[in-house]
Protein chains: 2
Amino acid sequence: MNAPTHALDLLPPRTAPAELLAALQAHFGDRFSAARAMRELHGRDESPYEVPPPDAVVFCDSTEDVAFAVAQCARFKVPVIPYGAGSSLEGHLLAVEGGVSLDLSRMNRVVAVQAEDLTVTVQPGVLRSQLNREIKDQGLFFPIDPGADASLGGMTATRASGTNAVRYGTMRENVLALTVVTARGEIVHTGTRAKKSSAGYDLTRLMVGSEGTLGVITEITLKLHPLPESVAAAICFFPDVGAAVNTTIALIQLGVPIARCELLDANAVRAVNHHDHLGLREAPMLLMEFHGSPAGVQEQAATVQELALEHGGESFQWATTPEERTKLWTARHHAYFSALQMKPGCRAITTDTCVPISRLAEAVTVAADEAQASGLPFFIVGHVGDGNFHIAYLIDPALPAEAETAERLNQAVVHRAIAMQGTCTGEHGIGLHKQGFLIEETGEGAVALMRAVKQALDPDHILNPGKIFRR
Amino acid sequence: MNAPTHALDLLPPRTAPAELLAALQAHFGDRFSAARAMRELHGRDESPYEVPPPDAVVFCDSTEDVAFAVAQCARFKVPVIPYGAGSSLEGHLLAVEGGVSLDLSRMNRVVAVQAEDLTVTVQPGVLRSQLNREIKDQGLFFPIDPGADASLGGMTATRASGTNAVRYGTMRENVLALTVVTARGEIVHTGTRAKKSSAGYDLTRLMVGSEGTLGVITEITLKLHPLPESVAAAICFFPDVGAAVNTTIALIQLGVPIARCELLDANAVRAVNHHDHLGLREAPMLLMEFHGSPAGVQEQAATVQELALEHGGESFQWATTPEERTKLWTARHHAYFSALQMKPGCRAITTDTCVPISRLAEAVTVAADEAQASGLPFFIVGHVGDGNFHIAYLIDPALPAEAETAERLNQAVVHRAIAMQGTCTGEHGIGLHKQGFLIEETGEGAVALMRAVKQALDPDHILNPGKIFRR
């Protein structure tokens, strides 16, 4: 990543005055902390930015706690920054203008499972793995699956997706209703448990992906899906990433309802081999999963196997037992941290573009070639069924030249995606780093509308200020 | 419908001054009309309201035409009301505060089919039947299918859905990107052709369903779907509507990927029999369609047939030829107008609630019982796979007591849907009639956020004012 411009170019912090801190301490008691270690823990995420931590942290147990904290901060125009699992990648939870971190991790209760409606209501601190554990016995699952074991509040706020999105959609499609605390500390409800609605502005979708800048999400109603009758996973190796992606393009164009379709380049396979002792062939690989009836799964798999062969795919292998599948998917989810271990002390700079599916092979191939030519170690993983891939450049944080190279490569990937009518971010969000890309992608006019919405809903800019766009 | 309160309680019209009309006439030439007949044509839709027509009509050929007209009207703070096919049901295009109607029906060009990406870009005046005709040869279709042959601009503006939504989603899920003219006459672009994105606020979803009140939609990029390899339709008759709906609930809970699942009560079947000479048994009926591979379609159908039998379904009949299927679906789409013919001179008052699927049988059954007890003729059709149904009361417009009865029944249906955590409108929109229901459904807090967004994006309230909520 380039020198973290926004971190270097901060607005003056809006320091929490003693009167505010006292009011918060009086309400939250030992759930209030101004200890340096606690503040620092809440002032970092997986992004490379280093900015001063928030002035205090409050651990909220309820929507009312959140409303209280926001109302108090609003009195003093002091920022509030919601904190879930801390796994965001783009600086979303950094206190770039100071303020108070609202730790929502204790709001981790599954409020109600409405199994007969395929819906569930959760608090924002529920982790995705926890939700799936709690609903499994009812024959249901929640498909959205970013790599990290993120909180559902954070996933809602960044419009997250992951490996199952190709079939089940993203948080955009799977959030039905929200409880939100507004900038004035009022509690509002958006949406209903009906599957569809034409009732006024889609406030739910406005909040999904708003990165904490329009309201603090304190309850989420999600769609659930019946556990598929049959599940099979398969891997297949290809002579190059282009062949793997072209197989994906073909199956999407045919309308195969594949549940997961992940690309790992040879470098990513090497990393997971090393970390998880898998002994996979170190070549570009598709890791796929099929959901449906036994016959439907067989049919999908046969189609895909045929397409893969046509594109030079080899060694199609099945993983039908849950243990084998879990091993492969665990390895996939470890890819990022596995790769970091290949270059001790390194940091990864990760792109997140998503392009129209027909352009994906070109996007991935050119990005790989450019990365190869740069000499930086890199790896590629991708939710390729959606047109979304991540290329991660491994840099030595002590060598600014490597960060500059990675940023130059990153910019080329993003410019190309935008030229292909794609997006600079498929699932990670804008945060601090991609604000320039957002303008390039959507134009000043659309960003002006976003600013107008922000101004209308948060005139004092207390809700996670400085994210998505600058004032 | 009750006495059309909003029509009786209008804000003073903001009459277009001569200077504005002259500017529009100079630009639009013979595409400008202030003729009474033309104005009246553009001041009516399928709603029962009667309000004065707009002051003028301009026929736009391009985004630039729209931008010009809006900018001119903005100068004088005169309303603009987009007009597509005129098939909206809730008074969406009535000039309740005066103003200029922007007729977009000549913007009826399919701009680009990107078949390899399963996307298409259209102008807002393209009708859904036209789009499907133009893309059929490429093996693609656009699934959203309200009863009327609506324009895609209008369908976007009302977040329309229809018979295929149970499988393919609504306009909410199928719009990727928009070109929009803002209240100041500026042209902005929202979204990209990427399938997913986390790039800032979801302006696309904010515009979808905004009923022309936040911007004028002048170009729409939509998702397309491959024509299924195999299609089969089936009908099945049930002893009562509850049994038909319970069959639907069971198949949704099982996760059967049914493509269409429509309820017609005995009255609706009687009407389509009469209109389309079908000779169907006059009993509650499910009309279903299955999409997939030949084996997949067989499998789905076998599952559904078994479920139907368990719920007392009888006479399961197949329609496998395209001709038979078309005949049945055409009849379904005629249901509304067929039923109107059963009571000459009548008007239909139609509900549009959508509830969590497990509550649907109760919602439909109680509504049917109440309607039966009222003595008014009625019929029920429903996109029951989504939890959405319409009960239409046939009233004599000359008898105010009938309108009052229908409105009382309507209110009971809506109150019940909201108590079930459902919505007052699954697909028709709020328009003029449901503004009170919107507040009941979502609360004053959420409506206050909607008003704030409106105020931010259209401070002079020139974009289709008076719809969704009052100022």
# chains A, B, ... in the order shown; residues from 1 in each chain; ligands from 1
>>> select_by_dssp(residues="range 240-269 of chain A", states="alpha helix (DSSP H)", output="PyMOL selection string")
chain A and resi 241-254+266-269
>>> write_last_selection(atoms="N, CA, C and O atoms", output="tab-separated table (two decimals), in the first residue's frame")
chain	number	residue	atom	x	y	z
A	241	VAL	N	-3.53	-19.93	-14.87
A	241	VAL	CA	-4.72	-19.35	-14.23
A	241	VAL	C	-5.79	-19.00	-15.26
A	241	VAL	O	-6.98	-19.10	-14.99
A	242	GLY	N	-5.36	-18.63	-16.47
A	242	GLY	CA	-6.32	-18.30	-17.51
A	242	GLY	C	-7.25	-19.47	-17.82
A	242	GLY	O	-8.47	-19.30	-17.97
A	243	ALA	N	-6.69	-20.66	-17.89
A	243	ALA	CA	-7.50	-21.85	-18.19
A	243	ALA	C	-8.50	-22.12	-17.06
A	243	ALA	O	-9.66	-22.47	-17.31
A	244	ALA	N	-8.04	-21.95	-15.83
A	244	ALA	CA	-8.95	-22.16	-14.69
A	244	ALA	C	-10.09	-21.15	-14.74
A	244	ALA	O	-11.27	-21.49	-14.54
A	245	VAL	N	-9.75	-19.89	-15.03
A	245	VAL	CA	-10.79	-18.86	-15.06
A	245	VAL	C	-11.72	-19.06	-16.26
A	245	VAL	O	-12.94	-18.88	-16.14
A	246	ASN	N	-11.16	-19.47	-17.39
A	246	ASN	CA	-12.04	-19.69	-18.55
A	246	ASN	C	-13.03	-20.83	-18.30
A	246	ASN	O	-14.16	-20.78	-18.79
A	247	THR	N	-12.62	-21.82	-17.55
A	247	THR	CA	-13.56	-22.88	-17.15
A	247	THR	C	-14.70	-22.27	-16.32
A	247	THR	O	-15.89	-22.57	-16.53
A	248	THR	N	-14.33	-21.40	-15.41
A	248	THR	CA	-15.32	-20.74	-14.55
A	248	THR	C	-16.28	-19.90	-15.39
A	248	THR	O	-17.51	-19.95	-15.19
A	249	ILE	N	-15.73	-19.12	-16.30
A	249	ILE	CA	-16.57	-18.28	-17.16
A	249	ILE	C	-17.59	-19.14	-17.89
A	249	ILE	O	-18.79	-18.83	-17.93
A	250	ALA	N	-17.12	-20.27	-18.42
A	250	ALA	CA	-18.02	-21.13	-19.19
A	250	ALA	C	-19.14	-21.69	-18.32
A	250	ALA	O	-20.30	-21.74	-18.73
A	251	LEU	N	-18.81	-22.08	-17.11
A	251	LEU	CA	-19.87	-22.68	-16.29
A	251	LEU	C	-20.88	-21.64	-15.81
A	251	LEU	O	-22.08	-21.93	-15.68
A	252	ILE	N	-20.41	-20.43	-15.58
A	252	ILE	CA	-21.35	-19.35	-15.20
A	252	ILE	C	-22.25	-19.01	-16.39
A	252	ILE	O	-23.48	-18.85	-16.24
A	253	GLN	N	-21.66	-18.92	-17.56
A	253	GLN	CA	-22.46	-18.59	-18.75
A	253	GLN	C	-23.51	-19.66	-19.03
A	253	GLN	O	-24.58	-19.37	-19.54
A	254	LEU	N	-23.20	-20.91	-18.68
A	254	LEU	CA	-24.16	-22.00	-18.86
A	254	LEU	C	-25.25	-22.00	-17.79
A	254	LEU	O	-26.23	-22.74	-17.91
A	266	ALA	N	-0.77	-21.15	-8.26
A	266	ALA	CA	0.22	-22.11	-7.78
A	266	ALA	C	0.86	-21.63	-6.48
A	266	ALA	O	1.15	-22.44	-5.59
A	267	ASN	N	1.05	-20.31	-6.35
A	267	ASN	CA	1.66	-19.79	-5.13
A	267	ASN	C	0.74	-20.02	-3.92
A	267	ASN	O	1.22	-20.33	-2.83
A	268	ALA	N	-0.54	-19.83	-4.11
A	268	ALA	CA	-1.48	-20.04	-3.01
A	268	ALA	C	-1.53	-21.52	-2.65
A	268	ALA	O	-1.59	-21.89	-1.47
A	269	VAL	N	-1.51	-22.39	-3.65
A	269	VAL	CA	-1.51	-23.83	-3.37
A	269	VAL	C	-0.25	-24.20	-2.59
A	269	VAL	O	-0.31	-24.95	-1.61
>>> residues_around(residues="Leu104 in chain B", least_positions_apart="6", cutoff="6 Å", atoms="only C-alpha atoms", output="list in words")
Cys60, Tyr83, Gly84 and Gly125 of chain B
>>> closest_residue(among="B:Arg451, B:His277, B:Lys343, B:Lys196", to="Asp386 in chain A", atoms="only C-alpha atoms")
B:Lys196
>>> closest_residue(among="A:Leu263, A:Leu11, A:Ala194, A:Leu93", to="chain B", atoms="only C-alpha atoms")
A:Ala194
>>> select_by_dssp(residues="range 243-366 of chain A", states="strand (DSSP E)", output="ChimeraX atom specification")
/A:260-264,285-292,314-319,347-350
>>> residues_around(residues="Ala363 in chain B", least_positions_apart="4", cutoff="9 Å", atoms="only C-alpha atoms", output="PyMOL selection string")
chain B and resi 355+359+367-368+413+416-417+420
>>> residues_around(residues="range 431-435 of chain A", least_positions_apart="3", cutoff="8 Å", atoms="only C-alpha atoms", output="PyMOL selection string")
chain A and resi 4+6+90-92+211+424+438-439+466-470
>>> residues_around(residues="Phe389 in chain A", least_positions_apart="6", cutoff="10 Å", atoms="only C-alpha atoms", output="list in words")
Glu262, Leu263, Leu264, Thr350, Thr351, Asp352, Thr353, Cys354, Val355, Leu360, Ala363, Val364, Ile380, Val381, Gly382, His383, Thr425, Gly426 and Glu427 of chain A
>>> residues_around(residues="Ala160 in chain B", least_positions_apart="4", cutoff="7 Å", atoms="only C-alpha atoms", output="list in words")
Pro146, Met155, Thr156, Thr170, Met171, Glu427 and His428 of chain B
>>> residues_around(residues="Thr213 in chain A", least_positions_apart="4", cutoff="12 Å", atoms="only C-alpha atoms", output="MDAnalysis selection string")
(chainID A and resid 79:82 92:93 157:158 180:183 206:209 217 430:431 450:451 453:471) or (chainID B and resid 200:201)
>>> write_last_selection(atoms="C-alpha atoms", output="compact mmCIF listing (two decimals), in the first residue's frame")
# COMPACT_ATOMS: atom_id res chain seq x y z
CA PRO A 79 -17.05 10.33 16.84
CA VAL A 80 -18.28 6.81 17.57
CA ILE A 81 -16.70 3.81 15.84
CA PRO A 82 -18.47 0.45 15.99
CA HIS A 92 -12.68 0.77 8.78
CA LEU A 93 -12.39 0.93 12.53
CA ALA A 157 -21.51 -2.89 7.43
CA THR A 158 -19.01 -3.87 4.72
CA VAL A 180 -30.04 0.84 13.72
CA VAL A 181 -29.03 3.58 16.12
CA THR A 182 -28.98 6.90 14.30
CA ALA A 183 -26.53 9.77 14.70
CA LEU A 206 -28.58 1.84 2.34
CA MET A 207 -27.19 0.71 5.70
CA VAL A 208 -25.67 -2.51 4.32
CA GLY A 209 -22.19 -1.51 3.17
CA ILE A 217 -26.30 -1.65 13.41
CA ILE A 430 -13.68 1.41 0.72
CA GLY A 431 -12.50 2.34 4.21
CA MET A 450 -23.34 9.80 -1.05
CA ARG A 451 -22.01 12.87 0.73
CA VAL A 453 -26.98 11.31 2.23
CA LYS A 454 -24.25 11.31 4.89
CA GLN A 455 -24.80 14.99 5.63
CA ALA A 456 -28.54 14.42 5.95
CA LEU A 457 -28.27 11.44 8.30
CA ASP A 458 -25.21 12.53 10.26
CA PRO A 459 -24.81 16.31 10.03
CA ASP A 460 -22.09 16.45 12.68
CA HIS A 461 -20.15 13.56 11.14
CA ILE A 462 -19.92 11.59 14.34
CA LEU A 463 -20.59 8.15 12.82
CA ASN A 464 -17.23 6.58 11.90
CA PRO A 465 -16.09 9.76 10.15
CA GLY A 466 -13.45 9.83 7.44
CA LYS A 467 -14.42 6.49 5.92
CA ILE A 468 -15.65 5.93 2.32
CA PHE A 469 -15.07 9.60 1.47
CA ARG A 470 -13.70 12.67 3.14
CA ARG A 471 -15.90 15.49 4.29
CA GLY B 200 -19.69 2.91 -0.91
CA TYR B 201 -23.39 3.50 -0.37
>>> atom_distance(atom1="CA of Glu407 in chain A", atom2="CA of Lys195 in chain B")
25.0 Å
>>> atom_distance(atom1="CA of Ile418 in chain A", atom2="CA of Met288 in chain A")
27.3 Å
>>> atom_distance(atom1="CA of Leu94 in chain A", atom2="CA of Gly43 in chain A")
5.1 Å
